[in-house]
Every structure is written in C-alpha cells, then in structure tokens.
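Peer 1: To start, I am sharing the structure in question, which I have written as structure tokens.
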Amino acid sequence: MAQMYGKERDAEQDSIDNTDPGFISFFNKLPAKSPNTGTLRLFSRINAGDTFYAAYGPDATFVAQNVFHTNSVLKYLGVGGRAAGLASVSLKTSVAHALLRDALTTKQLRIEIWAPEPGQGKKQAKFKLEKEASPGNLQAVEDLLFVNSDFESAPIVMAIKLASAPIDPLSSQARLRSIGAAFADTAGRELGMSEFIDNDLFSNLESLIIQLSVKEAIIPTGTASGTTDRDIDLNKLKAVLDRCGVVVTERKPSEFSVKNLAHDLPRLLKESAVSSSSDASATIPQLSMSVASAALSALLLYLSLLNDPTSHGMYTIRTHDLSQFMKLDASALRALNLVGSGPKMGSNQNTTLFGILNKCKTAQGSRLLGTWLKQPLVNLHEIHKRQNLVEIFCNDMNTRRTLQDEFLKAMPDLSRICKRLLKSVASLEDVVRVYQAVLKLPGMIEALEGIQNSDAMEDDMLSSLIVDVYLKALKEANSSLEKYGEMVEQTLDLDQLDGHNYVIKPDYDPKLQELAERLAQVRDGLDEEHGKAGEDLGLELDKKLHLENSQVYGYCFRLTKNDAKNLSKHYIELGTNKTGVYFTTKSLKQYAEDFKEISVVYARTQSGLVKQVIEIAATYVPVLEMLNNILAHLDVTLRLVKYFDFGATMLMGNVFHLSFAHVSVTAEYVKPNVTGKGSGSLVLKQARHPCLEVQDGITFIANDVEMIKDKSEFQIITGPNMGGKSTYIRQIGVIALMAQIGCFVPCDEAQLPVFDSILCRVGAGDSQLKGVSTFMAEMLETATILRSATKDSLVIIDELGRGTSTYDGFGLAWAISEHIASQIHAFCLFATHFHELTNLDQQISHVKNLHVVAHISELDKTNHDPDITLLYKVEPGISDQSLGIYVAQLANFPEDVVKLARKNAQELEDSNEEQLKNKFAQEFIDSGIATIQAFFKDWSSEAKHDGEDIIMDNDTNSDSQLEELRKCIDSLKPSIQNNPWLQSILTTL
C-alpha cells in the first residue's frame with residue numbers, strides 16, 4: 001500500500017509547509033482526547049483543489065503502522081524536518097475513509113475529522129471540528145463513510161443510571177442496585193428503556209448488553225477519590241462494560257436528569273398525542289420508570305436528537321423486558337462462538353455460529369439473524385412458531401428457491417434507504433431501487449400463496465401461520481405501494497436505467513419539457529455544423545473530424561495535427577495538445593454556449609423536481625419500514641431452511657449433502673422437541689458441534705447426551721487433554737441456543753427444555769494490563785454463575801481452578817460443584833482434571849460421571865512409551881489419569897523434554913508414596929487394619945439374634961442399633977487411641 005499511494009502522498013505532504021509554526025502552534029493547543037477510550041484525529045486538507053487527509057503526532061504513527069505498516073512514511077514538521085518535530089502522514093480520501101470505518105467498527109475508536117476554517121490561504125493553519133463519531137453514534141459520518149457499506153449489526157448506544165434498590169431487612173443477600181438503562185438504534189429510529197434490580201456483579205445488566213449488542217455506554221462520571229459506594233459501583237460497572245467490549249463515555253451527572261424529558265420526548269415520537277403538557281407520563285408508560293428516564297435524558301442529550309429536525313416525529317419507543325429472552329453473559333458469547341468481531345461478524349463463515357447460519361440474501365436479514373442469536377426465546381409458543389415456519393419451507397423446495405433467488409436477492413436494504421429519504425440525502429437511484437423492490441411484491445405473494453394452498457399444507461394451523469406472519473403484511477404493503485410504483489413510472493425515465501442514468505422524464509414538467517426541446521434543437525444545430533465542416537474539409541465524420549464536448553473548450557472540433565495543417569481562416573483554432581488540434585466556428589461556438597447555458601438551467605430544474613420526487617417517496621417510509629421487517633424475517637427463515645435442507649431428512653426420508661471447500665459433510669439436522677421451562681430433560685442422540693463438523697480435514701465423532709432432571713442433571717466429565725471434553729460441553733450449549741431461536745439442530749434426535757440462561761466459565765486470558773489475572777477472571781465469571789443461575793439454567797464450566805495451587809483449586813471446584821448441584825439444581829456440565837471431584841456422585845444422587853475415551857497401547861520390549869489414541873467418545877464412568885505427557889507427545893514435544901517430564905512425574909509419585917510410608921510405621925498400619933477387621937466382625941455378630949439377620953427396614957429399632965454400635969466402638973477405643981494411622985483415617989472420614 002505504501003508503494004501504491006507513495007507518489008500521491010509525497011505530493012500532498014510537500015504541499016504542507018514543514019516550517020509553518022502556525023499549524024504546529026494550533027495543533028499543540030487542541031483539547032485533550034478522551035482518557036477513557038482511544039480517539040483518532042484526521043485533518044481534511046486541500047491541495048490544488050483536491051482533498052486529502054493528514055494525521056499528526058501519535059495519530060500519524062498509528063496510521064503509519066496500521067495502514068502503511070512502516071514508519072518510513074512519516075515526515076516531520078518544524079525543526080528542519082527532523083524526527084524531533086511533529087510527525088505527519090497523508091492519506092488519499094478513499095484510504096482515509098477505509099481507515100475511519102475500521103477504526104469505528106473493528107478497533108472501537110472514536111474519530112474526529114477537522115476541516116480548515118473558511119477564508120484561509122494555502123497554509124491552512126487553523127481548523128474546526130467538522131465531524132465526530134463513536135462506535136455507538138455514527139450519525140455524523142454515516143453518509144460519508146458507510147454509503148456503500150451494510151452493517152450486520154446496528155450500532156446501539158446505551159445510557160446507564162445506577163440507584164439504590166429498596167432494602168429488604170429480612171434478606172441476607174448483598175446490597176442490590178436499581179438499574180435504569182435507555183438505548184437508541186439511530187439506524188432503525190428506535191428508543192428503548194429497561195429498569196430492573198441487579199446484584200453487585202451487574203449480571204442482569206451484562207445480559208441486557210449482550211442481548212442488544214451495545215457498542216457504547218454513557219455513564220455518569222465519578223468523583224476524584226473513587227472511594228464512595230457510588231464510585232465503587234461505577235468501577236465495577238466499567239469492568240462489566242470492558243468485559244463486553246463496550247466503549248465507555250462519561251458524562252456529567254447533571255445530564256442524568258428528567259427535568260425536561262416529558263416535554264422533549266413527545267417531539268421525537270411518531271404520532272404522539274402528547275404535547276408539552278404534563279400528560280406525557282400518562283400516554284407514554286415508559287416515563288413511569290424514573291431511573292431509566294434519567295438515563296434516557298442523558299442519551300438524548302448525547303445524541304443531539306432534539307437538534308435534528310429529521311428525527312422529530314420519527315422514533316418509536318419500547319420497553320425491553322429481560323425475562324422475554326434467554327440470558328447470556330460475555331463468557332457464553334465467546335464460549336459458544338456465536339459471533340465474530342467487527343462490522344462483518346461472520347467474516348470466516350465456518351468458525352462462528354453466525355457465519356454458519358448467515359446465508360442471507362439481504363443486509364436486513366443478516367442483522368436480524370445477529371439479533372436472534374443474542375436473544376433466544378423463552379416463550380414456548382414463539383419457539384414452536386419459528387420451528388413450524390422452518391418446517392413449512394422444508395417441504396417446498398421449489399418455492400423456497402424461487403423466493404430466495406428471484407425475489408430476496410433483488411431486495412435492497414430498505415432501512416438504510418428510508419433513513420436517507422428522511423434526511424433528504426437520497427438520490428433517484430434510491431427511489432428506483434425501492435421501485436424495483438415494489439415490482440417483486442406480487443410475485444412473492446403469489447409464491448407464498450402457492451405454499452399456503454399446496455396439497456402438502458394439510459394442517460390449517462400451518463396455513464394460517466403463513467398468512468399471519470407474511471401474507472397479510474405483504475398484501476398490505478403491496479396495496480400501499482401501488483401509488484409509489486405509479487409515481488415512479490410517471491416521473492422517471494425508466495428507459496435510461498440500463499445505462500445507469502437516473503433522470504426525470506422531460507414530459508413530467510412543462511418547463512423541463514421546453515428545456516429538453518431547446519436542447520434537442522441545439523444538438524441538431526451541432527450535428528448540422530459537424531456535417532458542414534466535414535463537407536468543407538472533405539473529411540469523414542467521426543473517423544477524421546471529431547465533434548467533442550471538451551471540458552476546457554466546450555463543444556468543438558478536433559483533428560490530428562497532420563489533418564489540421566490546411567485549415568482555412570474560416571476556422572478558429574482553440575489549442576493543440578498531443579491528441580490533436582481543437583478548433584471551432586462562429587456558429588459552432590454559439591451553439592456550444594447555448595448548450596452550456598440551457599444544460600445548466602435544465603439540471604437546476606431537474607434537481608428541483610428530484611427533490612420533490614424524494615419528498616413524495618419519503619411519505620412511504622412507514623410502509624417501507626414495515627416491509628423491511630417482513631423481508632428480514634422471511635430471509636432469515638429461508639436461509640435457515642436452505643442450510644437446513646438436510647432437516648427434511650427426518651421429514652421426507654432423504655439425505656442432503658453440503659459441500660464445503662475441501663470436504664463434503666452429510667449434515668443431518670432435525671427439528672428438536674422443545675418442552676416447557678423446568679418441565680423436561682435434555683436428551684440428544686448423536687449430537688455434533690455445528691461449527692467444528694464443517695472444518696476442513698475433520699471427521700466429527702458424534703455423542704449421545706442424557707441429562708435427566710433430578711437424576712443426572714449435573715455431569716462431571718474427565719479425561720485427557722485434547723480428548724474432546726470442551727467440544728462436548730460447548731456443543732450442548734450451542735444446540736440449546738439453536739433450539740431456542742427456532743432452528744433445527746445437529747442431532748439425530750433432540751429433546752430439550754427451555755433454559756432461562758446459558759452461563760459459561762470456559763477459560764479466561766490474562767488481562768494483566770487491566771490488573772486482572774487468569775484466576776481472578778475465572779473467579780469473577782464463576783461468581784456471576786453462582787449469583788445468576790437458577791434451576792432452569794444451563795451451566796457450562798471447563799477446567800475451573802487451574803490458576804492457583806492444586807489444593808486451593810480442588811477445594812474451590814468441589815465447593816462450587818456441590819453448591820450448584822445441591823442448592824441451585826441447574827443443568828450443569830463440569831469438565832475437570834481434578835479426578836477427586838468424581839467422588840461427588842457418592843454424596844449427591846443426581847451427579848453423574850462421564851469420561852472421554854482414550855485407547856492406550858500395551859507396552860512392548862522395543863517401545864517404553866505406550867501409544868495413545870484419542871477416540872473422542874464420551875462414556876459413563878471415570879477417567880483415572882490425565883495422560884498429559886502422552887498428549888505432549890502428540891504435540892511433537894522434543895523427546896528429551898518428554899523423557900524429563902516422565903522422570904519428574906515418576907519421582908514426585910514415588911516421593912508421595914515414600915512420605916506416606918515414612919509418616920506411619922508399618923506396625924501401626926498392620927495393627928490398624930486388624931482393628932478395623934475386628935470392628936466389622938463384632939458389629940456383624942451383634943446384628944444377629946437367634947441366628948436370624950435383622951431386616952433393615954423402616955420398622956427396625958434404630959435406637960437399639962445405635963446402642964449396639966456404640967458398644968462395639970467403646971470396646972475398641974484403646975486400640976484406636978494408641979494407633980496414629982487409624983486416627984488419621986477416622987479424621988479423614
């Protein structure tokens with residue numbers, strides 16, 4: 001890239017006066033950047049009429065390293081251009097725009113664009129802040145940077161207000177907080193509010209942030225000391241936001257005030273009957289949430305929505321209820337590989353669930369799929385409704401393909417077009433794209449009616465589902481947009497669309513028609529003069545004598561230098577360059593001037609008519625937005641069906657094969673049987689991980705899963721590293737989530753309950769720069785699980801307790817497991833290398849042990865190291881060894897390292913045995929064993945009366961048995977007291 005743009009960059013850089021003290025002084029006086037998040041500043045500069053961008057100081061270094069990947073492009077202002085001066089680098093406009101898009105979406109930076117103040121000369125020493133944007137607020141730069149880009153997730157910004165929750169004097173829980181959150185989707189012109197009680201870990205707030213895909217959060221600033229309860233809460237809040245990858249913006253606490261909200265909010269809402277009176281709270285129920293209302297005030301102020309006239313009367317408002325969706329935390333988002341990062345969440349389509357499922361034809365479909373993945377349903381009726389839609393389209397392959405390839409493929413991003421229409425920045429091309437979408441509606445309706453009336457649609461409920469979800473709304477939209485189609489046909493010259501010319505019909509307006517006729521007359525005059533000159537010079541038209549519309553001379557003639565040698569004085573020579581000689585005549589010159597003058601008036605007239613057409617088109621925005629939502633829903637459903645063609649295998653008895661780059665996979669997905677919350681068990685036959693099974697070179701080993709409520713709801717999985725434990729437990733979480741968004745799932749059979757949350761602890765990286773270690777990170781995640789999980793949750797824990805000592809780690813793992821199993825009773829999958837943890841099944845009946853199978857070959861005379869084969873099968877029982885050294889061999893560790901590891905491990909094992917032997921003399925051990933044998937012999941003899949065994953049932957006298965037991969123990973007391981080995985055994989028990 002440095003070579004590609006090198007010449008242009010050098011020319012632009014040379015235009016900057018490297019010794020200009022005025023700009024350097026101005027730059028040094030700029031306000032400081034936000035301390036909470038990175039900010040990238042670019043300066044728009046002009047050289048010879050061309051615009052380019054420049055970065056200075058640390059920003060120049062950032063650009064050099066991230067765009068050009070070398071510091072050699074840097075130049076320095078002042079101090080003779082030496083490195084002690086102000087670093088600078090220049091960028092072409094297209095490169096700068098790409099950089100700014102990446103900064104906002106992938107790198108989560110703020111951006112500032114500074115432009116020269118009016119009336120400055122060549123040096124451009126003073127600038128003003130022209131545009132600024134942040135990851136959650138793209139309004140100022142959306143039309144500049146994203147005009148040709150589609151978002152796969154809308155940029156959501158949220159304001160958060162903390163308040164003290166009412167204290168329950170009988171509650172033993174930690175202090176609770178009342179959270180008020182307000183969020184805005186400026187692309188979809190939607191406001192939302194939510195108010196709820198949360199714990200000190202902000203677990204509910206974290207779920208809300210995940211559900212909404214929040215990019216930026218507005219919070220009040222704290223005090224300088226940071227020691228008050230409020231400041232402590234704010235610091236915890238920042239930690240949660242950081243864990244979720246949200247950019248933090250701090251604002252004055254005074255902005256979180258509801259003082260003018262009742263007056264301001266109605267101005268933004270659609271068809272609001274509320275004026276500036278105090279009745280707003282009666283007609284807008286969200287205003288009853290006092291804490292959330294304070295957050296909304298700060299949000300409106302930050303986004304400056306009230307200062308934008310195009311926002312007035314265009315927003316909707318809703319209440320977001322956390323309980324309507326499955327709760328996910330940030331760890332679950334990573335563990336289940338739901339989405340990637342950046343503007344294109346599924347850039348590698350086989351590594352994330354979003355990438356696997358996102359085969360959508362429309363941008364709005366991709367965005368809706370991203371929302372569905374983070375908002376799995378908990379309403380059983382709605383889950384079944386989505387599943388039924390998938391099943392309907394599974395049964396009609398031809399109609400499905402017709403809808404996808406002939407209709408949805410032609411649909412534009414109506415949401416983006418609607419926003420441009422409302423801002424009056426749309427073009428006739430946008431108007432035409434909507435018109436082309438409108439033309440497709442009758443065909444879509446006909447195709448859906450074909451499904452509804454087909455012989456296969458025997459179930460009236462399924463037939464009515466097609467009507468309720470799609471047909472009714474599409475017919476309404478088609479009826480409302482008929483006038484739109486007529487308007488476009490009457491106003492636009494559709495014959496010129498093939499040449500990508502978007503113009504108004506001349507006969508649409510009398511004045512435009514008159515100007516078009518005058519232009520036609522002038523063109524005829526130009527052609528007539530061309531013919532006369534050809535006859536006069538004896539030259540063939542267009543091959544020798546050219547009539548051209550030059551940017552410099554207007555309409556004129558051109559000849560090669562050789563052909564122009566004998567021009568008479570009748571012709572007026574205009575100029576000469578390497579392409580030939582330009583000349584004209586008095587008549588041609590007059591025609592050229594007339595053409596230029598009329599063309600200017602024609603363009604001005606047409607521009608006014610274009611504005612009128614766009615204003616008319618903007619009146620259809622409500623209908624287009626409704627249509628956009630229907631198309632997005634249909635697109636997601638159809639694309640899921642396309643990927644789940646193999647789901648029909650269970651319905652139609654066919655096998656469908658999908659081919660990915662280098663491997664063909666028979667992907668048999670089925671419709672899961674989803675039962676109500678807390679009403680069933682989780683049973684999966686031949687379950688697979690949807691992302692892992694499509695990777696190149698992998699033959700996936702499927703496994704059965706059986707988690708029966710109150711019998712095997714807590715499962716401990718042991719086995720060697722790389723044996724498949726992590727894959728096994730994660731795929732269960734992915735399948736549960738897929739089922740609750742309405743998908744078919746990668747199993748042969750599937751029965752699942754509705755989970756209210758999926759909570760994960762599956763590995764945490766060091767965050768040392770933030771002062772958070774691996775162990776601290778996993779403890780924070782585990783604390784969230786213990787505070788948030790319910791009996792209807794799915795908990796996934798992988799290798800808890802690795803970041804501390806073996807004894808502390810095991811102690812924590814046991815305590816956490818026992819608490820989840822005995823107190824919470826959640827469905828839990830716990831993968832561990834603490835084999836002692838498997839003893840938990842002896843204390844709690846619904847704890848079951850599983851292990852991943854590994855085959856170890858027998859030792860032979862020539863090979864001292866057994867071979868290990870990982871089978872990736874999960875079976876009941878316990879794995880009694882970790883096989884870590886064998887796995888190191890599989891990873892091609894150097895042989896001497898493996899031998900040393902085996903030697904040290906054996907020495908440690910021998911040392912432990914030796915310590916045990918040294919601790920107690922053999923005579924104590926032998927004596928203790930004899931005492932134990934004597935105890936059981938005496939106890940068994942006492943348990944007999946008249947030669948018959950006592951029947952141990954409910955009628956047995958437990959008091960008498962206990963008395964007999966005491967007698968046996970008392971008789972052996974001297975032996976016990978004199979044997980330290982026996983005392984240690986009893987203490988352990």
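We label chains A, B, ... in the order they appear in the structure tokens, count residues from 1 in each chain, and number ligands from 1 in the order shown.
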Report the residues of segment 48-90 of chain A whose backbone DSSP state falls under helix (DSSP H, G or I), written as a PyMOL selection string.
Peer 2: chain A and resi 58-68+71-73+79-81
Peer 1: Quick one: residues within 7 Å of Arg761 of chain A, only C-alpha atoms counted, chain neighbours fewer than 6 positions away excluded, as a ChimeraX atom specification?
Peer 2: /A:331,778,781-782,796-798
Peer 1: Using only C-alpha atoms, which of A:Gly538, A:Gly608, A:Gly676, A:Gly531 sits nearest Asn566 of chain A?
Peer 2: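 Counting only C-alpha atoms, the residue closest to Asn566 of chain A is A:Gly538.
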Peer 1: Between atom CA of Ser213 of chain A and atom CA of Ala163 of chain A, measure the distance and give it in Å to one decimal.
Peer 2: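 Straight-line distance from atom CA of Ser213 of chain A to atom CA of Ala163 of chain A works out to 23.5 Å.
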Peer 1: Given the choices A:Arg386, A:Lys544, A:Arg189, A:Arg41, which gets closest to Leu129 of chain A if the distance is worked out from only C-alpha atoms?
Peer 2: A:Arg41
Peer 1: Which residues, written as an NGL selection string, have at least one atom at most 12 Å from Ser203 of chain A, with only C-alpha atoms counted and residues fewer than 4 positions away on the same chain left out?
Peer 2: :A and (176-177 or 179 or 196-199 or 207-210 or 236-237 or 239-241 or 243-244 or 322 or 327-331 or 757 or 759 or 780-789)
Peer 1: Which polymer residues have any atom within 9 Å of an atom of Val339 of chain A, counting only C-alpha atoms, with same-chain residues fewer than 6 positions away left out, as a list of chain:residue names?
Peer 2: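 Surrounding residues, per the criterion: A:Leu333, A:Met345, A:Gly346, A:Thr351, A:Thr352, A:Leu353, A:Phe354, A:Gly355, A:Gly370, A:Leu373.
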